[in-house]
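File shown: upload_5.cif. Contents: mmCIF, C-alpha atoms.
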data_coords
#
loop_
_atom_site.group_PDB
_atom_site.id
_atom_site.type_symbol
_atom_site.label_atom_id
_atom_site.label_comp_id
_atom_site.auth_asym_id
_atom_site.auth_seq_id
_atom_site.Cartn_x
_atom_site.Cartn_y
_atom_site.Cartn_z
ATOM 1 C CA MET A 144 207.039 98.965 96.366
ATOM 2 C CA LYS A 145 209.490 99.958 93.716
ATOM 3 C CA VAL A 146 208.883 102.608 91.100
ATOM 4 C CA ARG A 147 208.019 101.232 87.684
ATOM 5 C CA THR A 148 208.672 103.201 84.557
ATOM 6 C CA LEU A 149 207.563 102.081 81.166
ATOM 7 C CA PHE A 150 208.903 104.400 78.515
ATOM 8 C CA LEU A 151 208.179 103.665 74.896
ATOM 9 C CA MET A 152 209.729 105.694 72.091
ATOM 10 C CA PHE A 153 206.792 106.137 69.717
ATOM 11 C CA LEU A 154 203.762 104.111 70.597
ATOM 12 C CA PHE A 155 203.878 104.485 74.330
ATOM 13 C CA LEU A 156 201.266 102.054 75.495
ATOM 14 C CA VAL A 157 198.092 100.730 74.003
ATOM 15 C CA ILE A 158 195.796 99.092 76.500
ATOM 16 C CA PRO A 159 192.477 98.018 75.067
ATOM 17 C CA LEU A 160 190.737 96.832 78.224
ATOM 18 C CA LEU A 161 187.583 95.782 76.403
ATOM 19 C CA ALA A 162 187.606 95.114 72.705
ATOM 20 C CA ARG A 163 184.470 96.207 70.808
ATOM 21 C CA ASN A 164 184.438 99.789 69.595
ATOM 22 C CA ALA A 165 185.603 101.655 66.493
ATOM 23 C CA TYR A 166 189.090 102.171 67.906
ATOM 24 C CA ALA A 167 189.467 98.518 68.875
ATOM 25 C CA ASP A 168 188.437 97.531 65.348
ATOM 26 C CA ALA A 169 191.054 99.954 63.987
ATOM 27 C CA LEU A 170 193.740 98.190 66.036
ATOM 28 C CA GLY A 171 193.537 95.196 63.714
ATOM 29 C CA LEU A 172 196.255 92.680 64.578
ATOM 30 C CA ALA A 173 197.277 94.753 67.607
ATOM 31 C CA SER A 174 193.884 94.155 69.252
ATOM 32 C CA PRO A 175 194.931 91.161 71.413
ATOM 33 C CA ASP A 176 198.014 93.013 72.680
ATOM 34 C CA ALA A 177 197.734 94.284 76.235
ATOM 35 C CA VAL A 178 201.190 95.838 75.760
ATOM 36 C CA LEU A 179 202.772 96.676 72.412
ATOM 37 C CA ALA A 180 206.064 98.551 72.489
ATOM 38 C CA THR A 181 208.390 99.884 69.825
ATOM 39 C CA THR A 182 211.402 99.068 72.008
ATOM 40 C CA THR A 183 211.826 97.087 75.231
ATOM 41 C CA VAL A 184 209.267 96.187 77.899
ATOM 42 C CA THR A 185 210.816 95.950 81.376
ATOM 43 C CA ASP A 186 209.431 94.692 84.669
ATOM 44 C CA ALA A 187 211.720 96.372 87.181
ATOM 45 C CA SER A 188 209.516 95.595 90.170
ATOM 46 C CA GLY A 189 211.329 92.562 91.567
ATOM 47 C CA ALA A 190 209.524 89.866 93.535
ATOM 48 C CA GLY A 191 207.663 92.362 95.729
ATOM 49 C CA GLY A 192 205.125 93.443 93.130
ATOM 50 C CA ALA A 193 205.672 91.752 89.816
ATOM 51 C CA THR A 194 203.972 93.090 86.690
ATOM 52 C CA VAL A 195 201.066 91.000 85.407
ATOM 53 C CA ILE A 196 200.165 91.478 81.737
ATOM 54 C CA THR A 197 196.775 90.006 80.876
ATOM 55 C CA GLY A 198 196.807 89.395 77.142
ATOM 56 C CA ASP A 199 199.558 89.354 74.537
ATOM 57 C CA MET A 200 202.773 91.376 74.625
ATOM 58 C CA GLY A 201 204.732 92.547 71.595
ATOM 59 C CA ALA A 202 208.140 94.229 71.709
ATOM 60 C CA VAL A 203 211.621 94.251 70.241
ATOM 61 C CA SER A 204 212.848 92.725 73.500
ATOM 62 C CA CYS A 205 211.830 92.346 77.134
ATOM 63 C CA THR A 206 213.462 91.959 80.520
ATOM 64 C CA GLY A 207 212.285 90.925 83.965
ATOM 65 C CA PHE A 208 209.620 88.384 83.034
ATOM 66 C CA VAL A 209 209.410 84.672 83.911
ATOM 67 C CA ALA A 210 211.040 81.956 81.849
ATOM 68 C CA GLY A 211 209.081 80.896 78.791
ATOM 69 C CA THR A 212 208.220 84.459 77.732
ATOM 70 C CA GLY A 213 211.426 84.893 75.734
ATOM 71 C CA CYS A 214 212.565 87.595 78.150
ATOM 72 C CA THR A 215 215.431 87.745 80.569
ATOM 73 C CA THR A 216 214.331 86.011 83.725
ATOM 74 C CA GLY A 217 212.445 87.930 86.378
ATOM 75 C CA PHE A 218 209.099 87.896 88.157
ATOM 76 C CA GLY A 219 206.673 89.515 85.682
ATOM 77 C CA THR A 220 204.106 87.348 83.874
ATOM 78 C CA VAL A 221 202.290 87.462 80.533
ATOM 79 C CA SER A 222 199.051 85.476 80.208
ATOM 80 C CA GLY A 223 199.036 85.536 76.406
ATOM 81 C CA THR A 224 201.627 85.171 73.674
ATOM 82 C CA THR A 225 204.895 87.099 73.712
ATOM 83 C CA ASN A 226 205.901 88.267 70.228
ATOM 84 C CA LEU A 227 209.452 89.576 70.056
ATOM 85 C CA SER A 228 210.583 91.070 66.719
ATOM 86 C CA ASN A 229 208.675 88.505 64.630
ATOM 87 C CA ALA A 230 206.172 88.805 61.747
ATOM 88 C CA THR A 231 203.180 88.929 64.123
ATOM 89 C CA TYR A 232 204.837 91.749 66.065
ATOM 90 C CA SER A 233 205.625 93.700 62.856
ATOM 91 C CA ALA A 234 202.045 93.405 61.545
ATOM 92 C CA ALA A 235 200.554 94.372 64.922
ATOM 93 C CA LEU A 236 202.917 97.353 65.131
ATOM 94 C CA ALA A 237 201.850 98.572 61.664
ATOM 95 C CA ASP A 238 198.158 98.320 62.624
ATOM 96 C CA SER A 239 198.780 99.989 65.970
ATOM 97 C CA ASN A 240 200.648 102.868 64.312
ATOM 98 C CA ALA A 241 197.568 103.548 62.164
ATOM 99 C CA ALA A 242 195.321 103.377 65.242
ATOM 100 C CA TYR A 243 197.787 105.576 67.170
ATOM 101 C CA THR A 244 197.502 108.264 64.506
ATOM 102 C CA ALA A 245 193.703 108.151 64.717
ATOM 103 C CA LEU A 246 193.772 108.302 68.532
ATOM 104 C CA ARG A 247 196.428 111.051 68.585
ATOM 105 C CA ASN A 248 194.363 113.190 66.221
ATOM 106 C CA THR A 249 191.077 112.763 68.109
ATOM 107 C CA PRO A 250 189.881 116.337 68.739
ATOM 108 C CA GLY A 251 188.624 117.887 71.955
ATOM 109 C CA ALA A 252 191.389 116.832 74.336
ATOM 110 C CA ILE A 253 191.424 118.281 77.843
ATOM 111 C CA ASP A 254 194.979 119.336 78.753
ATOM 112 C CA GLU A 255 195.949 117.633 82.021
ATOM 113 C CA THR A 256 199.707 118.306 81.778
ATOM 114 C CA GLY A 257 201.235 118.334 85.269
ATOM 115 C CA GLN A 258 198.347 116.449 86.879
ATOM 116 C CA VAL A 259 198.963 113.019 88.452
ATOM 117 C CA LEU A 260 196.428 110.309 87.674
ATOM 118 C CA GLY A 261 195.083 107.882 90.287
ATOM 119 C CA SER A 262 194.124 107.817 93.942
ATOM 120 C CA GLY A 263 197.624 108.959 94.908
ATOM 121 C CA GLY A 264 197.419 111.956 92.589
ATOM 122 C CA THR A 265 195.214 114.897 91.719
ATOM 123 C CA LEU A 266 192.861 113.094 89.299
ATOM 124 C CA SER A 267 191.425 109.910 90.800
ATOM 125 C CA SER A 268 188.345 109.659 88.574
ATOM 126 C CA LEU A 269 187.806 110.693 84.947
ATOM 127 C CA ALA A 270 184.646 110.692 82.830
ATOM 128 C CA PRO A 271 184.864 109.279 79.296
ATOM 129 C CA GLY A 272 186.775 111.648 77.049
ATOM 130 C CA VAL A 273 190.102 112.628 75.543
ATOM 131 C CA TYR A 274 192.892 113.730 77.902
ATOM 132 C CA SER A 275 196.285 115.089 76.860
ATOM 133 C CA PHE A 276 199.666 115.426 78.557
ATOM 134 C CA SER A 277 202.319 117.416 76.674
ATOM 135 C CA SER A 278 205.103 115.333 78.215
ATOM 136 C CA THR A 279 205.154 112.449 80.715
ATOM 137 C CA ALA A 280 202.001 111.386 82.545
ATOM 138 C CA SER A 281 202.191 109.737 85.982
ATOM 139 C CA LEU A 282 199.772 107.235 87.467
ATOM 140 C CA ILE A 283 199.737 106.357 91.180
ATOM 141 C CA GLY A 284 197.154 104.058 92.729
ATOM 142 C CA ALA A 285 193.669 103.343 91.412
ATOM 143 C CA LEU A 286 192.323 105.374 88.506
ATOM 144 C CA THR A 287 188.525 105.086 88.402
ATOM 145 C CA LEU A 288 186.919 105.459 84.996
ATOM 146 C CA PRO A 289 183.119 105.613 85.491
ATOM 147 C CA GLY A 290 181.237 105.025 82.240
ATOM 148 C CA GLY A 291 177.964 106.490 83.472
ATOM 149 C CA GLY A 292 175.988 103.636 81.923
ATOM 150 C CA ASP A 293 177.371 104.208 78.406
ATOM 151 C CA PRO A 294 178.146 100.738 76.984
ATOM 152 C CA ASN A 295 180.584 102.315 74.479
ATOM 153 C CA ALA A 296 182.402 104.700 76.832
ATOM 154 C CA ILE A 297 185.946 105.500 75.664
ATOM 155 C CA TRP A 298 188.891 107.120 77.412
ATOM 156 C CA ILE A 299 191.808 108.296 75.281
ATOM 157 C CA PHE A 300 195.039 109.480 76.902
ATOM 158 C CA GLN A 301 197.307 111.406 74.496
ATOM 159 C CA ILE A 302 200.734 111.368 76.181
ATOM 160 C CA GLY A 303 203.691 113.281 74.763
ATOM 161 C CA THR A 304 206.668 111.192 75.881
ATOM 162 C CA GLY A 305 205.788 108.390 78.287
ATOM 163 C CA LEU A 306 203.662 106.933 81.058
ATOM 164 C CA THR A 307 205.264 106.508 84.472
ATOM 165 C CA ASN A 308 203.656 104.082 86.901
ATOM 166 C CA CYS A 309 204.697 104.819 90.443
ATOM 167 C CA GLN A 310 204.165 102.296 93.233
ATOM 168 C CA TRP A 311 201.088 100.373 92.061
ATOM 169 C CA PHE A 312 198.299 101.175 89.689
ATOM 170 C CA LEU A 313 194.922 99.851 88.668
ATOM 171 C CA HIS A 314 192.303 100.959 86.165
ATOM 172 C CA VAL A 315 188.793 100.530 87.509
ATOM 173 C CA VAL A 316 186.215 100.792 84.726
ATOM 174 C CA THR A 317 182.600 100.911 85.910
ATOM 175 C CA GLY A 318 179.156 101.348 84.377
ATOM 176 C CA THR A 319 180.078 100.355 80.807
ATOM 177 C CA GLY A 320 179.485 97.530 78.389
ATOM 178 C CA SER A 321 181.488 95.410 75.979
ATOM 179 C CA GLY A 322 182.049 98.388 73.670
ATOM 180 C CA ALA A 323 184.111 100.344 76.188
ATOM 181 C CA GLY A 324 187.815 100.983 75.767
ATOM 182 C CA VAL A 325 190.773 102.666 77.451
ATOM 183 C CA TYR A 326 193.719 103.786 75.323
ATOM 184 C CA PHE A 327 197.024 105.173 76.617
#
Is it possible to give me this structure as structure tokens?
Amino acid sequence: MKVRTLFLMFLFLVIPLLARNAYADALGLASPDAVLATTTVTDASGAGGATVITGDMGAVSCTGFVAGTGCTTGFGTVSGTTNLSNATYSAALADSNAAYTALRNTPGAIDETGQVLGSGGTLSSLAPGVYSFSSTASLIGALTLPGGGDPNAIWIFQIGTGLTNCQWFLHVVTGTGSGAGVYF
């Protein structure tokens, strides 16, 4: 499979997997967005492993997604609404910037700079908590996030410059409830 890189200039990637906790509430209009970028979202995978975005996508522009998304044609899909440089996108971006600041300033981060997330890396499973990477973070394969029975388990990933997804990736969240959330 091809290497996928998603690099976002300021707000790198916000992925609320489940939507009922204090951080999800702080996301405001950005809450339904599975991907919200300050620049361009690109699916560079080709037909062999197209990106699937479950939820809404907001960006200035996008490339590599199927017709009807407003992007240049490709193989990636978006199950929700695609908002490209419109009022909904601008409002969601403002709310996400406020949430980003709160997430970025969450204390107690464990420095994982240089570690590779996922089953193809050095960290295949992470307990709820705050994890930081001073520069780019890489994710290869399945990243298991066991909630340990906490219905409000939260994982926050503070990433300095970008998230690189190599080959394929999957977040597996277990043992949580509807208050859980994962934020990159």
Using 12 Å as the limit and counting all atoms listed in the file, can you tabulate each residue of segment 204-288 of chain A that touches segment 292-311 of chain A, with its shortest atom-to-atom distance in Å and the two atoms involved, as a tab-separated table?
residue	atom	partner	partner_atom	distance
A:Ala242	CA	A:Ile299	CA	11.7
A:Tyr243	CA	A:Gln301	CA	9.4
A:Thr244	CA	A:Gln301	CA	10.5
A:Ala245	CA	A:Ile299	CA	10.7
A:Leu246	CA	A:Ile299	CA	7.0
A:Arg247	CA	A:Gln301	CA	6.0
A:Asn248	CA	A:Gln301	CA	9.0
A:Thr249	CA	A:Ile299	CA	8.5
A:Pro250	CA	A:Ile299	CA	10.5
A:Gly251	CA	A:Ile299	CA	10.6
A:Ala252	CA	A:Gln301	CA	8.0
A:Ile253	CA	A:Phe300	CA	9.6
A:Asp254	CA	A:Gln301	CA	9.3
A:Glu255	CA	A:Phe300	CA	9.7
A:Thr256	CA	A:Ile302	CA	9.0
A:Gly257	CA	A:Ile302	CA	11.5
A:Val259	CA	A:Thr307	CA	9.9
A:Leu260	CA	A:Asn308	CA	9.6
A:Gly261	CA	A:Trp311	CA	9.8
A:Ser262	CA	A:Trp311	CA	10.4
A:Gly263	CA	A:Cys309	CA	9.3
A:Gly264	CA	A:Cys309	CA	10.4
A:Ser268	CA	A:Trp298	CA	11.5
A:Leu269	CA	A:Trp298	CA	8.4
A:Ala270	CA	A:Trp298	CA	7.8
A:Pro271	CA	A:Trp298	CA	4.9
A:Gly272	CA	A:Trp298	CA	5.0
A:Val273	CA	A:Ile299	CA	4.7
A:Tyr274	CA	A:Phe300	CA	4.9
A:Ser275	CA	A:Gln301	CA	4.5
A:Phe276	CA	A:Ile302	CA	4.8
A:Ser277	CA	A:Gly303	CA	4.8
A:Ser278	CA	A:Gly303	CA	4.3
A:Thr279	CA	A:Gly305	CA	4.8
A:Ala280	CA	A:Leu306	CA	5.0
A:Ser281	CA	A:Thr307	CA	4.7
A:Leu282	CA	A:Asn308	CA	5.0
A:Ile283	CA	A:Cys309	CA	5.2
A:Gly284	CA	A:Trp311	CA	5.4
A:Ala285	CA	A:Trp311	CA	8.0
A:Leu286	CA	A:Trp311	CA	10.7
A:Thr287	CA	A:Trp298	CA	11.2
A:Leu288	CA	A:Trp298	CA	8.0
Atom CA of Ala230 of chain A to atom CA of Ala323 of chain A measures 28.8 Å
Name all residues at most 8 Å from Thr216 of chain A (count only C-alpha atoms; drop same-chain ones fewer than 4 positions away) and give them as an MDAnalysis selection string.
-> chainID A and resid 206:210
To one decimal in Å, tell me the separation between atom CA of Gly291 of chain A and atom CA of Ala241 of chain A.
-> 29.1 Å
Smallest atom-to-atom distance to Ala234 of chain A: which of A:Gly201, A:Gly211, A:Gly290, A:Gly324, using only C-alpha atoms?
-> A:Gly201
Can you pull out every residue within 10 Å of Thr194 of chain A, counting only C-alpha atoms, but drop anything in the same chain fewer than 6 positions away, and send it as an MDAnalysis selection string?
-> chainID A and resid 147 185:188 207:208 217:221 311
What is the atom CA of Thr224 of chain A to atom CA of Leu179 of chain A distance in Å?
->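 One can read the atom CA of Thr224 of chain A to atom CA of Leu179 of chain A distance as 11.6 Å.
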Of the residues A:Leu266, A:Cys205, A:Asp176, A:Pro289, which is the one nearest to Val316 of chain A, using all atoms listed in the file?
->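 Nearest to Val316 of chain A: A:Pro289.
Take the candidates A:Thr215, A:Val315, A:Ala202, A:Ser222 and check each one against Ala173 of chain A using all atoms listed in the file; the shortest distance goes to A:Ala202.
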Of the residues A:Thr265, A:Ser174, A:Gln258, A:Thr319, which is the one nearest to Tyr232 of chain A, using all atoms listed in the file?
->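 Checking each candidate against Tyr232 of chain A, we get A:Ser174 as the closest.
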For Met200 of chain A, which of A:Ser267, A:Thr317, A:Thr225, A:Asn240 is the closest residue, counting only C-alpha atoms?
-> A:Thr225
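Contact shell of Ser239 of chain A at 8 Å (only C-alpha atoms; same-chain neighbours under 3 positions omitted): Leu154, Ala169, Leu170, Gly171, Leu172, Ala173, Ala235, Leu236, Ala242 and Tyr243 of chain A.
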